[in-house]
file start-v9.cif (mmCIF, C-alpha atoms and all ligand atoms)
data_work
loop_
_atom_site.label_atom_id
_atom_site.label_comp_id
_atom_site.auth_asym_id
_atom_site.auth_seq_id
_atom_site.Cartn_x
_atom_site.Cartn_y
_atom_site.Cartn_z
CA MET A 327 96.04 93.74 103.36
CA PHE A 328 97.96 96.81 104.51
CA ARG A 329 101.17 96.11 106.45
CA TYR A 330 104.56 97.60 107.16
CA LEU A 331 107.97 96.52 108.41
CA THR A 332 111.10 98.40 109.47
CA ALA A 333 114.71 97.28 109.93
CA GLY A 334 117.92 99.00 110.91
CA GLU A 335 120.35 99.46 113.79
CA SER A 336 120.88 102.84 115.42
CA HIS A 337 124.48 103.22 114.23
CA GLY A 338 124.26 100.82 111.27
CA PRO A 339 124.42 101.95 107.64
CA ALA A 340 120.71 102.81 107.27
CA LEU A 341 117.11 102.31 108.31
CA VAL A 342 114.83 100.65 105.79
CA GLY A 343 111.07 100.31 105.62
CA ILE A 344 108.45 98.57 103.51
CA LEU A 345 104.83 99.67 103.13
CA ASP A 346 102.61 97.16 101.39
CA GLY A 347 98.99 97.66 100.41
CA LEU A 348 98.72 101.38 99.62
CA PRO A 349 96.59 102.12 96.54
CA SER A 350 98.13 103.50 93.35
CA HIS A 351 98.03 107.18 92.27
CA VAL A 352 98.74 108.76 95.67
CA LYS A 353 100.93 111.78 94.82
CA LEU A 354 103.82 112.05 97.26
CA ASP A 355 105.34 115.34 98.35
CA VAL A 356 108.90 114.34 99.32
CA GLU A 357 109.64 117.69 100.96
CA ARG A 358 106.79 117.13 103.41
CA ILE A 359 108.12 113.69 104.32
CA ASN A 360 111.56 115.20 104.99
CA GLU A 361 110.00 118.05 107.02
CA THR A 362 108.24 115.48 109.21
CA LEU A 363 111.54 113.63 109.69
CA LEU A 364 113.11 116.93 110.74
CA ARG A 365 110.31 117.58 113.24
CA ARG A 366 111.13 114.26 114.96
CA GLN A 367 114.74 115.36 115.28
CA GLY A 368 113.83 118.67 116.91
CA GLY A 369 112.57 119.59 120.34
CA TYR A 370 114.29 121.10 123.33
CA GLY A 371 116.16 118.46 125.32
CA ARG A 372 117.46 116.36 122.42
CA GLY A 373 121.12 115.33 122.47
CA ALA A 374 124.11 115.88 120.18
CA ARG A 375 123.10 113.00 117.88
CA MET A 376 120.30 115.08 116.40
CA LYS A 377 122.82 117.67 115.21
CA ILE A 378 124.75 114.95 113.34
CA GLU A 379 121.79 113.34 111.60
CA ARG A 380 119.70 115.18 109.02
CA ASP A 381 117.27 112.56 107.91
CA GLU A 382 116.17 112.35 104.30
CA VAL A 383 114.06 109.71 102.63
CA GLU A 384 115.31 107.80 99.57
CA PHE A 385 112.77 105.82 97.56
CA LEU A 386 113.79 102.37 96.37
CA ALA A 387 110.54 100.88 95.08
CA GLY A 388 106.82 101.38 94.61
CA ILE A 389 106.95 105.00 93.40
CA ARG A 390 107.30 106.36 89.88
CA GLY A 391 106.99 109.96 88.72
CA GLY A 392 106.15 111.00 92.29
CA GLU A 393 103.11 108.69 92.59
CA THR A 394 102.53 105.36 94.28
CA LEU A 395 102.25 102.46 91.84
CA GLY A 396 100.22 100.15 94.08
CA SER A 397 103.26 97.87 94.43
CA PRO A 398 105.15 97.54 97.75
CA ILE A 399 106.91 100.78 98.68
CA ALA A 400 110.50 100.45 99.92
CA VAL A 401 112.33 103.40 101.47
CA LEU A 402 115.68 104.08 103.07
CA VAL A 403 116.97 106.68 105.55
CA ARG A 404 120.75 106.70 105.98
CA ASN A 405 122.38 106.94 109.39
CA ARG A 406 124.93 109.70 108.84
CA ASP A 407 126.55 108.70 112.14
CA TYR A 408 127.52 105.36 110.55
CA GLU A 409 130.70 106.71 108.98
CA ARG A 410 132.09 107.53 112.44
CA ASN A 411 131.02 104.12 113.73
CA ARG A 412 131.98 101.98 110.76
CA GLU A 413 134.64 100.03 112.66
CA LEU A 414 132.12 99.25 115.39
CA MET A 415 129.07 98.62 113.22
CA ASP A 416 130.18 97.32 109.82
CA PRO A 417 127.73 94.48 109.09
CA LEU A 418 130.55 92.05 108.21
CA THR A 419 133.58 93.18 110.23
CA GLY A 420 132.12 95.37 113.02
CA THR A 421 133.73 94.88 116.42
CA GLY A 422 134.63 96.88 119.53
CA PRO A 423 134.86 96.76 123.31
CA PRO A 424 131.66 95.28 124.73
CA LEU A 425 129.12 97.30 126.70
CA THR A 426 128.68 95.45 129.97
CA ASN A 427 126.61 97.58 132.40
CA PRO A 428 122.85 97.45 131.65
CA ARG A 429 120.83 100.66 132.00
CA PRO A 430 117.82 100.30 134.31
CA GLY A 431 114.70 101.04 132.26
CA HIS A 432 116.30 100.11 128.92
CA ALA A 433 116.18 96.90 126.88
CA ASP A 434 119.83 96.07 127.70
CA TYR A 435 119.41 93.39 130.40
CA ALA A 436 116.31 91.57 129.15
CA GLY A 437 117.61 91.66 125.58
CA ALA A 438 121.05 90.34 126.54
CA LEU A 439 119.53 87.28 128.20
CA LYS A 440 116.89 86.79 125.51
CA TYR A 441 119.28 86.94 122.52
CA ARG A 442 122.32 85.52 124.40
CA GLN A 443 124.38 88.63 123.79
CA ARG A 444 127.40 89.29 126.03
CA ASP A 445 127.85 92.72 124.37
CA LEU A 446 124.84 94.89 125.26
CA ARG A 447 125.45 96.93 122.11
CA ASN A 448 123.99 94.03 120.11
CA VAL A 449 120.69 94.69 121.90
CA LEU A 450 120.58 98.46 122.26
CA GLU A 451 121.36 99.13 118.60
CA ARG A 452 117.87 97.96 117.64
CA ALA A 453 116.13 98.93 120.90
CA SER A 454 117.26 102.54 120.41
CA ALA A 455 114.52 104.90 119.28
CA ARG A 456 116.63 105.89 116.27
CA GLU A 457 114.43 103.28 114.58
CA THR A 458 111.42 105.57 115.01
CA ALA A 459 112.81 107.73 112.18
CA MET A 460 111.65 105.01 109.77
CA ARG A 461 108.22 104.76 111.39
CA VAL A 462 107.88 108.54 111.04
CA CYS A 463 108.87 108.23 107.39
CA LEU A 464 106.29 105.50 106.70
CA GLY A 465 103.67 107.41 108.71
CA ALA A 466 104.35 110.54 106.63
CA ILE A 467 103.64 108.53 103.46
CA CYS A 468 100.35 107.24 104.94
CA ALA A 469 99.47 110.83 105.94
CA GLN A 470 99.38 111.75 102.26
CA LEU A 471 96.92 108.94 101.50
CA LEU A 472 94.76 109.80 104.53
CA GLU A 473 94.67 113.51 103.64
CA ASN A 474 93.12 112.58 100.29
CA LEU A 475 90.29 111.07 102.34
CA GLY A 476 90.04 114.19 104.55
CA ILE A 477 91.78 112.61 107.59
CA THR A 478 94.45 114.71 109.34
CA THR A 479 96.52 114.03 112.46
CA ARG A 480 98.30 116.46 114.77
CA SER A 481 99.73 116.61 118.26
CA TYR A 482 100.91 118.84 121.10
CA VAL A 483 102.81 118.33 124.34
CA SER A 484 100.68 118.79 127.48
CA GLN A 485 103.21 117.88 130.18
CA ILE A 486 106.96 117.69 130.70
CA GLY A 487 108.13 116.41 134.07
CA PRO A 488 106.22 118.31 136.76
CA VAL A 489 104.96 121.06 134.39
CA VAL A 490 101.36 120.44 133.30
CA ALA A 491 99.83 122.72 130.65
CA PRO A 492 96.06 123.25 130.52
CA GLU A 493 94.49 120.55 128.33
CA LEU A 494 93.04 122.07 125.17
CA ASP A 495 90.04 120.98 123.09
CA GLU A 496 91.35 123.08 120.21
CA TRP A 497 94.68 124.71 119.51
CA ASN A 498 96.55 126.52 116.78
CA GLN A 499 99.00 124.08 115.21
CA CYS A 500 101.31 126.97 114.15
CA ASP A 501 101.83 127.75 117.86
CA VAL A 502 102.83 124.11 118.40
CA GLU A 503 105.28 124.06 115.49
CA LYS A 504 106.88 127.34 116.71
CA SER A 505 107.38 125.99 120.24
CA ASP A 506 110.65 124.18 121.08
CA VAL A 507 108.66 121.83 123.31
CA ARG A 508 105.59 121.57 121.00
CA CYS A 509 103.38 123.21 123.63
CA PRO A 510 101.02 125.97 122.40
CA HIS A 511 100.52 127.38 125.91
CA GLU A 512 103.32 129.93 126.19
CA SER A 513 103.91 130.19 129.93
CA SER A 514 103.77 126.39 130.30
CA ALA A 515 106.25 126.04 127.43
CA ARG A 516 108.68 128.38 129.21
CA ALA A 517 108.32 126.40 132.44
CA MET A 518 108.89 123.13 130.53
CA ILE A 519 112.15 124.47 129.05
CA ALA A 520 113.30 125.56 132.52
CA ALA A 521 112.46 122.08 133.87
CA ILE A 522 114.53 120.45 131.10
CA ASP A 523 117.49 122.77 131.85
CA GLU A 524 117.25 121.87 135.52
CA ALA A 525 117.12 118.13 134.79
CA LYS A 526 120.08 118.43 132.42
CA ALA A 527 122.15 120.26 135.03
CA ALA A 528 121.35 117.49 137.51
CA GLY A 529 122.30 114.74 135.01
CA ASP A 530 118.68 113.59 135.08
CA THR A 531 115.92 112.99 132.47
CA LEU A 532 112.20 113.88 132.19
CA GLY A 533 109.07 112.23 130.82
CA GLY A 534 105.68 113.76 130.15
CA ARG A 535 102.50 113.58 128.10
CA PHE A 536 101.34 114.45 124.61
CA ILE A 537 97.96 114.59 122.93
CA VAL A 538 97.29 113.24 119.43
CA ARG A 539 94.13 114.35 117.66
CA VAL A 540 92.74 112.98 114.39
CA ASP A 541 90.13 115.00 112.49
CA GLY A 542 87.94 113.86 109.64
CA VAL A 543 87.73 110.15 110.49
CA PRO A 544 84.47 108.89 108.96
CA VAL A 545 82.02 106.95 111.15
CA GLY A 546 82.60 103.20 111.35
CA ILE A 547 86.38 102.75 111.11
CA GLY A 548 87.36 99.76 113.25
CA SER A 549 84.86 97.15 114.34
CA ASN A 550 83.02 95.64 117.31
CA ARG A 551 83.08 92.22 115.62
CA GLN A 552 86.24 90.90 117.27
CA PRO A 553 88.43 92.27 120.10
CA ASN A 554 91.47 92.77 117.85
CA GLN A 555 89.43 94.87 115.39
CA ARG A 556 88.48 97.51 117.96
CA LEU A 557 89.89 100.88 116.90
CA ASP A 558 90.71 101.94 120.48
CA GLY A 559 92.75 98.76 120.95
CA ILE A 560 94.47 99.15 117.58
CA LEU A 561 95.47 102.78 118.27
CA ALA A 562 96.50 102.13 121.88
CA GLY A 563 98.56 99.11 120.79
CA ALA A 564 100.32 101.13 118.11
CA LEU A 565 101.15 103.93 120.55
CA MET A 566 102.28 101.50 123.25
CA GLY A 567 104.64 100.19 120.60
CA VAL A 568 106.64 103.40 120.85
CA GLN A 569 109.68 103.22 123.17
CA THR A 570 109.05 105.01 126.53
CA VAL A 571 105.23 105.10 126.13
CA LYS A 572 103.67 103.69 129.30
CA ALA A 573 99.97 104.63 129.02
CA VAL A 574 97.45 105.57 126.35
CA GLU A 575 94.04 107.06 127.12
CA VAL A 576 91.12 107.67 124.76
CA GLY A 577 88.99 110.75 125.43
CA LEU A 578 88.51 111.16 129.19
CA GLY A 579 90.68 108.06 129.68
CA GLY A 580 91.31 107.07 133.28
CA GLU A 581 89.33 110.03 134.57
CA VAL A 582 86.09 108.38 133.44
CA ALA A 583 86.40 105.76 136.20
CA GLY A 584 85.44 108.30 138.86
CA ARG A 585 82.53 109.94 137.05
CA PRO A 586 78.84 109.03 137.21
CA GLY A 587 77.33 107.93 133.90
CA SER A 588 75.53 111.24 133.56
CA GLN A 589 78.94 113.00 133.38
CA ALA A 590 80.78 110.36 131.38
CA HIS A 591 79.03 110.12 128.00
CA ASP A 592 78.20 112.34 125.04
CA VAL A 593 74.47 112.88 124.55
CA PHE A 594 72.83 113.05 121.13
CA GLN A 595 70.82 116.07 120.08
CA LEU A 596 69.26 117.46 116.93
CA GLU A 597 70.81 120.57 115.47
CA LYS A 598 67.92 123.09 115.31
CA SER A 599 68.31 124.43 111.77
CA ALA A 600 69.39 121.37 109.75
CA GLY A 601 67.95 118.62 111.96
CA ALA A 602 71.32 116.84 111.91
CA VAL A 603 72.34 114.61 114.85
CA VAL A 604 75.13 116.31 116.82
CA ARG A 605 77.17 115.61 119.99
CA PRO A 606 77.75 118.65 122.23
CA SER A 607 80.75 116.97 123.93
CA ASN A 608 83.46 114.45 122.99
CA ARG A 609 84.25 112.67 126.26
CA ALA A 610 84.54 109.36 124.38
CA GLY A 611 87.42 110.77 122.31
CA GLY A 612 85.77 109.84 119.01
CA ILE A 613 85.47 106.08 119.58
CA GLU A 614 82.43 104.11 120.82
CA GLY A 615 82.06 100.34 120.65
CA GLY A 616 85.49 100.02 119.08
CA MET A 617 84.41 102.15 116.07
CA SER A 618 85.04 105.75 115.12
CA ASN A 619 81.87 107.76 115.78
CA GLY A 620 82.58 110.76 113.53
CA GLU A 621 83.95 113.02 116.28
CA PRO A 622 87.68 113.89 116.46
CA ILE A 623 89.76 111.02 117.87
CA VAL A 624 91.65 112.28 120.92
CA LEU A 625 94.43 110.24 122.54
CA ARG A 626 96.49 111.14 125.61
CA VAL A 627 99.88 109.43 125.75
CA SER A 628 102.16 109.19 128.82
CA VAL A 629 105.90 108.80 128.35
CA LYS A 630 108.47 107.76 130.97
CA PRO A 631 111.77 109.63 131.52
CA ILE A 632 114.41 108.11 129.23
CA PRO A 633 116.68 105.55 130.86
CA THR A 634 120.15 106.89 129.99
CA LEU A 635 121.07 109.39 132.68
CA MET A 636 124.29 111.40 132.53
CA LYS A 637 124.44 110.90 136.29
CA ALA A 638 124.34 107.16 135.77
CA LEU A 639 121.97 104.97 137.79
CA LYS A 640 123.31 102.11 139.90
CA SER A 641 123.94 98.96 137.90
CA VAL A 642 126.36 96.05 137.65
CA ASN A 643 129.16 94.97 135.33
CA LEU A 644 127.77 91.69 134.01
CA HIS A 645 131.20 90.45 132.85
CA GLU A 646 133.09 91.19 136.07
CA ARG A 647 130.07 90.68 138.38
CA THR A 648 130.84 93.87 140.29
CA ASP A 649 128.76 96.92 141.21
CA ALA A 650 129.17 99.57 138.50
CA PRO A 651 127.28 102.60 137.16
CA ALA A 652 125.02 102.01 134.13
CA SER A 653 126.63 102.51 130.71
CA ILE A 654 126.29 105.99 129.29
CA VAL A 655 125.54 106.12 125.58
CA ARG A 656 125.19 109.62 124.11
CA SER A 657 121.66 110.56 124.99
CA ASP A 658 118.79 113.02 125.17
CA VAL A 659 117.34 114.63 128.33
CA CYS A 660 113.69 114.76 127.29
CA VAL A 661 112.10 113.18 124.20
CA VAL A 662 108.44 114.06 124.77
CA PRO A 663 108.25 116.54 121.82
CA ALA A 664 109.90 113.97 119.51
CA GLY A 665 107.67 111.27 121.00
CA ALA A 666 104.64 113.30 119.89
CA ILE A 667 105.84 113.20 116.27
CA VAL A 668 106.40 109.45 116.53
CA GLY A 669 102.94 109.19 118.10
CA GLU A 670 101.38 111.01 115.12
CA ALA A 671 103.16 108.58 112.80
CA MET A 672 101.97 105.51 114.69
CA VAL A 673 98.38 106.75 114.64
CA ARG A 674 98.61 107.31 110.87
CA LEU A 675 100.06 103.84 110.32
CA ALA A 676 97.51 102.23 112.63
CA LEU A 677 94.55 104.00 111.00
CA THR A 678 95.57 103.23 107.44
CA GLY A 679 94.81 99.49 107.75
CA PRO A 680 91.23 99.81 109.07
CA VAL A 681 90.49 102.70 106.67
CA LEU A 682 91.62 100.63 103.67
CA GLU A 683 89.76 97.62 105.05
CA LYS A 684 86.53 99.63 105.01
CA TYR A 685 86.92 101.39 101.66
CA GLY A 686 89.30 99.07 99.78
CA GLY A 687 90.47 100.11 96.34
CA ASP A 688 93.56 99.31 94.29
CA SER A 689 93.76 102.93 93.10
CA LEU A 690 93.14 106.13 95.04
CA GLN A 691 90.25 106.92 92.69
CA GLU A 692 88.56 103.64 93.62
CA THR A 693 89.12 104.23 97.36
CA LEU A 694 87.64 107.74 97.07
CA ALA A 695 84.62 106.53 95.10
CA ASN A 696 83.93 103.88 97.76
CA LEU A 697 84.24 106.49 100.52
CA HIS A 698 81.78 108.84 98.79
CA ARG A 699 79.31 106.01 98.16
CA SER A 700 79.52 104.94 101.79
CA ASN A 701 79.00 108.53 103.05
CA ALA A 702 75.98 109.00 100.77
CA ALA A 703 74.42 105.71 101.95
CA ALA A 704 74.92 106.70 105.60
CA LYS A 705 73.23 110.08 104.97
CA ALA A 706 70.24 108.40 103.33
CA LEU A 707 69.75 105.85 106.14
CA PHE A 708 67.70 108.01 108.58
C1 LIG A 801 112.06 109.73 120.13
C2 LIG A 801 112.71 108.95 121.23
C3 LIG A 801 114.05 109.17 121.54
C4 LIG A 801 114.66 108.46 122.57
N1 LIG A 801 115.97 108.74 122.89
C5 LIG A 801 116.54 108.09 123.93
C6 LIG A 801 117.87 108.39 124.34
O1 LIG A 801 118.54 109.26 123.77
N2 LIG A 801 118.38 107.71 125.37
C7 LIG A 801 117.69 106.74 126.05
O2 LIG A 801 118.19 106.15 127.00
N3 LIG A 801 116.43 106.44 125.70
C8 LIG A 801 115.84 107.08 124.66
N4 LIG A 801 114.56 106.77 124.32
C9 LIG A 801 113.85 105.73 125.09
C10 LIG A 801 114.34 104.33 124.87
O3 LIG A 801 114.42 104.01 123.50
C11 LIG A 801 113.41 103.35 125.60
O4 LIG A 801 113.20 103.78 126.90
C12 LIG A 801 114.02 101.96 125.61
O5 LIG A 801 114.04 101.46 124.31
C13 LIG A 801 113.24 100.98 126.52
O6 LIG A 801 111.93 100.81 126.09
P1 LIG A 801 110.70 101.14 127.04
O7 LIG A 801 110.93 102.54 127.54
O8 LIG A 801 109.50 101.07 126.16
O9 LIG A 801 110.70 100.15 128.15
C14 LIG A 801 113.92 107.48 123.29
C15 LIG A 801 112.59 107.25 122.97
C16 LIG A 801 111.96 107.97 121.96
C17 LIG A 801 110.53 107.72 121.64
#
call {"tool": "encode", "arguments": {"input": "start-v9.cif", "output": "C-alpha cells", "more": "lines below"}}
Ligand SMILES: Cc1cc2nc3c(=O)[nH]c(=O)nc-3n(C[C@H](O)[C@H](O)[C@H](O)COP(=O)(O)O)c2cc1C
result
Amino acid sequence: MFRYLTAGESHGPALVGILDGLPSHVKLDVERINETLLRRQGGYGRGARMKIERDEVEFLAGIRGGETLGSPIAVLVRNRDYERNRELMDPLTGTGPPLTNPRPGHADYAGALKYRQRDLRNVLERASARETAMRVCLGAICAQLLENLGITTRSYVSQIGPVVAPELDEWNQCDVEKSDVRCPHESSARAMIAAIDEAKAAGDTLGGRFIVRVDGVPVGIGSNRQPNQRLDGILAGALMGVQTVKAVEVGLGGEVAGRPGSQAHDVFQLEKSAGAVVRPSNRAGGIEGGMSNGEPIVLRVSVKPIPTLMKALKSVNLHERTDAPASIVRSDVCVVPAGAIVGEAMVRLALTGPVLEKYGGDSLQETLANLHRSNAAAKALF
C-alpha cells in the first residue's frame, strides 16, 4: 500500500515527510527535487518569507546511492526562519505573547476551539501553507517514479483576481516557467501582475485559478468498483486538501451542466490509416466512469484570496472580548502560482497509489514489466 505523511510547524525546526510503498531502483535526481521546491517559493505576489527560506531536501531513510531501496523514504526540509523564531517555537521551551485576533477565512478560530488553544499561534503554525513545501518534496519524488512509466504532470495559471487568460488545450511549458505568474499568455500575465500590484497597494489579496494536466496516464487507473476508488474523486479530494482551494473541476467541469448531451461527450472514431480508436475531443478531461480513459487528465482548480490582509479585516480580541482588527502575520498577496506547484504535487501523490495498485511491483523493473504486459494485453483485446 502506498501512503505518505507530513509533519512540521511553519516556524518550527523543520518539515518532515514519509513516503511508504515506492518500489526499489527508482533513481532520484536531487537537483530536480530542489528545483521543484524553489518553484513553489516563486511567483509574483509572494511575501518576504520566501526570500528567507531556500528549501532543500535532506534524505534520512529509504535511499542509498541515489536510488530508492523499497523501504520507507524519510525526508526533511529545514525551516531557515526557525533560528529567528527559536524563542517562540523551541519544541521544549517555546513561548511568546499569544495571538488573540482570529483572521476571517483562516483556521485560527475553528482550530482554537477544536484544540482548546488560547494562543492562536498553536493553530496557525500547522494550518499555514508552509507545510506544502513537504508535499511538494514528496510529490517531486513520486514524479520521478511516474516519469519512468511515461506519466508527466504540469500546470499553468489561468486566472488571477479579475484577470482571466484564454484557456489553452496545449501550451509551451517553457513560457509558463519564464512567467512570474506561471501564465503562458503574455498580455494576460502582464495584466495579472498589475492586478497583484493594485491589490498589494490596497492592502488586499487575490485568488484565481490554475490548470493541472497529466499526460501519459494509461487507460484504467482508478476504478468504478467503489465510490472511494474513483480517480476523479481521488484527484479532486487531493486538490481540495490544499489550503485555499475551493473548487476542482474535471474536463468541462461545471460548464457541462448547461450543455446538451450531444455537446458534452467525446465521440469515438476510427483513425483512417491505422484503424485505431481515437477521441477527437477531451471534454471529459481524461476520466470516464471513475477511470482514466487514456486521454490527458485536465483539472481546473479555483483558489480563494488568502485570508491575511495587510489592511486587516474586522475581527475580535478573544481574550479581551473587544472588537479588534484580525492579526497580521507576515503574508503573501497572491499564492495562485505557488498553489499550482502544490497542485501538481498533490496530483502526483494522488496518482501514485492507484498506479501502483494497478501495476504493483516491489522493484521498478517489476512495475515496468507489469505495465508493458498490461498494455500489450489491452492492444490484443480488440
Ligand atoms: C502556497 C500557499 C501559500 C499561502 N500563503 C498564505 C499566506 O501567506 N497568508 C495567508 O493568510 N494564507 C496563506 N495561504 C492560505 C492559507 O494557508 C489558508 O487559507 C488557510 O490555511 C485556511 O484554509 P482554507 O483556505 O482551505 O480554508 C497560502 C496557501 C497556499 C496554498
call {"tool": "atom_distance", "arguments": {"input": "start-v9.cif", "atom1": "CA of Gln555 (chain A)", "atom2": "CA of Val627 (chain A)"}}
result
20.7 Å
call {"tool": "atom_distance", "arguments": {"input": "start-v9.cif", "atom1": "atom O7 of ligand LIG 801 (chain A)", "atom2": "CA of Gln569 (chain A)"}}
result
4.6 Å
call {"tool": "axis_aligned_box", "arguments": {"input": "start-v9.cif", "around": "ligand LIG 801 (chain A)", "padding_each_side": "5 Å", "output": "AutoDock Vina command-line options"}}
result
--center_x 114.0 --center_y 104.9 --center_z 124.1 --size_x 19.0 --size_y 19.6 --size_z 18.0
call {"tool": "residues_around", "arguments": {"input": "start-v9.cif", "residues": "Ser618 (chain A)", "least_positions_apart": "3", "cutoff": "6 Å", "atoms": "all atoms listed in the file", "output": "list of chain:residue names"}}
result
A:Val545, A:Gly546, A:Ile547, A:Gly612, A:Ile613
call {"tool": "closest_atom_pairs", "arguments": {"input": "start-v9.cif", "of": "chain A", "to": "ligand LIG 801 (chain A)", "cutoff": "9 Å", "atoms": "only C-alpha atoms and all ligand atoms", "output": "tab-separated table"}}
result
residue	atom	partner	partner_atom	distance
A:Arg366	CA	A:LIG801	C1	6.9
A:Gln367	CA	A:LIG801	C1	7.9
A:Arg372	CA	A:LIG801	O1	7.3
A:Gly373	CA	A:LIG801	O1	6.7
A:Arg375	CA	A:LIG801	O1	8.3
A:Arg429	CA	A:LIG801	O2	7.9
A:Gly431	CA	A:LIG801	O9	5.8
A:His432	CA	A:LIG801	C13	4.0
A:Ala433	CA	A:LIG801	C13	5.0
A:Asp434	CA	A:LIG801	C13	8.3
A:Leu450	CA	A:LIG801	O5	7.5
A:Arg452	CA	A:LIG801	O5	8.5
A:Ala453	CA	A:LIG801	O5	4.7
A:Ser454	CA	A:LIG801	O3	4.4
A:Ala455	CA	A:LIG801	O3	4.3
A:Arg456	CA	A:LIG801	C3	6.7
A:Glu457	CA	A:LIG801	C1	8.8
A:Thr458	CA	A:LIG801	C1	6.6
A:Ala459	CA	A:LIG801	C1	8.2
A:Met566	CA	A:LIG801	O8	7.8
A:Gly567	CA	A:LIG801	O8	7.4
A:Val568	CA	A:LIG801	C17	5.9
A:Gln569	CA	A:LIG801	O8	3.7
A:Thr570	CA	A:LIG801	O7	3.3
A:Val571	CA	A:LIG801	O8	5.9
A:Lys572	CA	A:LIG801	O8	7.1
A:Val629	CA	A:LIG801	O7	8.1
A:Lys630	CA	A:LIG801	O7	6.7
A:Pro631	CA	A:LIG801	O4	7.6
A:Ile632	CA	A:LIG801	N3	4.4
A:Pro633	CA	A:LIG801	O2	4.2
A:Thr634	CA	A:LIG801	O2	3.7
A:Leu635	CA	A:LIG801	O2	7.1
A:Ile654	CA	A:LIG801	O2	8.4
A:Val655	CA	A:LIG801	N2	7.3
A:Arg656	CA	A:LIG801	O1	6.7
A:Ser657	CA	A:LIG801	O1	3.6
A:Asp658	CA	A:LIG801	O1	4.0
A:Val659	CA	A:LIG801	O1	7.1
A:Cys660	CA	A:LIG801	N1	7.8
A:Val661	CA	A:LIG801	C3	5.2
A:Val662	CA	A:LIG801	C1	7.3
A:Pro663	CA	A:LIG801	C1	8.0
A:Ala664	CA	A:LIG801	C1	4.8
A:Gly665	CA	A:LIG801	C17	4.6
A:Ala666	CA	A:LIG801	C1	8.2
A:Ile667	CA	A:LIG801	C1	8.1
A:Val668	CA	A:LIG801	C1	6.7
A:Gly669	CA	A:LIG801	C17	8.5
call {"tool": "closest_atom_pairs", "arguments": {"input": "start-v9.cif", "of": "region 471-574 of chain A", "to": "region 360-365 of chain A", "cutoff": "12 Å", "atoms": "only C-alpha atoms", "output": "Markdown table"}}
result
| residue | atom | partner | partner_atom | distance |
| --- | --- | --- | --- | --- |
| A:Arg480 | CA | A:Thr362 | CA | 11.4 |
| A:Ser481 | CA | A:Arg365 | CA | 11.8 |
| A:Val502 | CA | A:Arg365 | CA | 11.2 |
| A:Glu503 | CA | A:Arg365 | CA | 8.5 |
| A:Lys504 | CA | A:Arg365 | CA | 10.9 |
| A:Ser505 | CA | A:Arg365 | CA | 11.3 |
| A:Asp506 | CA | A:Arg365 | CA | 10.3 |
| A:Val507 | CA | A:Arg365 | CA | 11.1 |
| A:Arg508 | CA | A:Arg365 | CA | 9.9 |
call {"tool": "closest_residue", "arguments": {"input": "start-v9.cif", "among": "A:Ala520, A:Ala340, A:Ala525, A:Leu675", "to": "Asp416 (chain A)", "atoms": "only C-alpha atoms"}}
result
A:Ala340
call {"tool": "residues_near_point", "arguments": {"input": "start-v9.cif", "point": "(80.2, 104.5, 117.5)", "cutoff": "12 Å", "atoms": "only C-alpha atoms", "output": "list of chain:residue names"}}
result
A:Val543, A:Pro544, A:Val545, A:Gly546, A:Ile547, A:Gly548, A:Ser549, A:Asn550, A:Arg556, A:Leu557, A:Asp558, A:His591, A:Asp592, A:Phe594, A:Arg605, A:Asn608, A:Ala610, A:Gly611, A:Gly612, A:Ile613, A:Glu614, A:Gly615, A:Gly616, A:Met617, A:Ser618, A:Asn619, A:Gly620, A:Glu621, A:Ile623
call {"tool": "residues_near_point", "arguments": {"input": "start-v9.cif", "point": "(89.3, 112.8, 122.1)", "cutoff": "10 Å", "atoms": "all atoms listed in the file", "output": "ChimeraX atom specification"}}
result
/A:495,537-541,575-579,607-613,621-626
call {"tool": "atom_distance", "arguments": {"input": "start-v9.cif", "atom1": "CA of Gly563 (chain A)", "atom2": "CA of Ala676 (chain A)"}}
result
8.8 Å
call {"tool": "decode", "arguments": {"input": "start-v9.cif", "residues": "region 438-459 of chain A", "atoms": "C-alpha atoms", "output": "mmCIF file, in the first residue's frame"}}
result
data_model
loop_
_atom_site.group_PDB
_atom_site.id
_atom_site.type_symbol
_atom_site.label_atom_id
_atom_site.label_comp_id
_atom_site.auth_asym_id
_atom_site.auth_seq_id
_atom_site.Cartn_x
_atom_site.Cartn_y
_atom_site.Cartn_z
ATOM 1 C CA ALA A 438 -8.643 27.398 18.693
ATOM 2 C CA LEU A 439 -11.978 25.969 19.811
ATOM 3 C CA LYS A 440 -11.258 22.492 18.464
ATOM 4 C CA TYR A 441 -7.827 22.089 20.109
ATOM 5 C CA ARG A 442 -8.600 24.312 23.151
ATOM 6 C CA GLN A 443 -5.820 26.733 22.322
ATOM 7 C CA ARG A 444 -5.941 30.242 23.815
ATOM 8 C CA ASP A 445 -2.906 31.233 21.697
ATOM 9 C CA LEU A 446 -3.933 31.146 18.017
ATOM 10 C CA ARG A 447 -0.290 30.577 17.073
ATOM 11 C CA ASN A 448 -0.693 26.978 18.263
ATOM 12 C CA VAL A 449 -3.223 26.515 15.455
ATOM 13 C CA LEU A 450 -1.841 28.620 12.618
ATOM 14 C CA GLU A 451 1.641 27.126 12.809
ATOM 15 C CA ARG A 452 0.338 23.880 11.313
ATOM 16 C CA ALA A 453 -2.521 25.412 9.286
ATOM 17 C CA SER A 454 -0.019 27.624 7.444
ATOM 18 C CA ALA A 455 0.730 26.526 3.900
ATOM 19 C CA ARG A 456 4.446 26.383 4.735
ATOM 20 C CA GLU A 457 3.612 22.695 5.201
ATOM 21 C CA THR A 458 3.004 22.385 1.459
ATOM 22 C CA ALA A 459 6.786 22.536 0.938
#
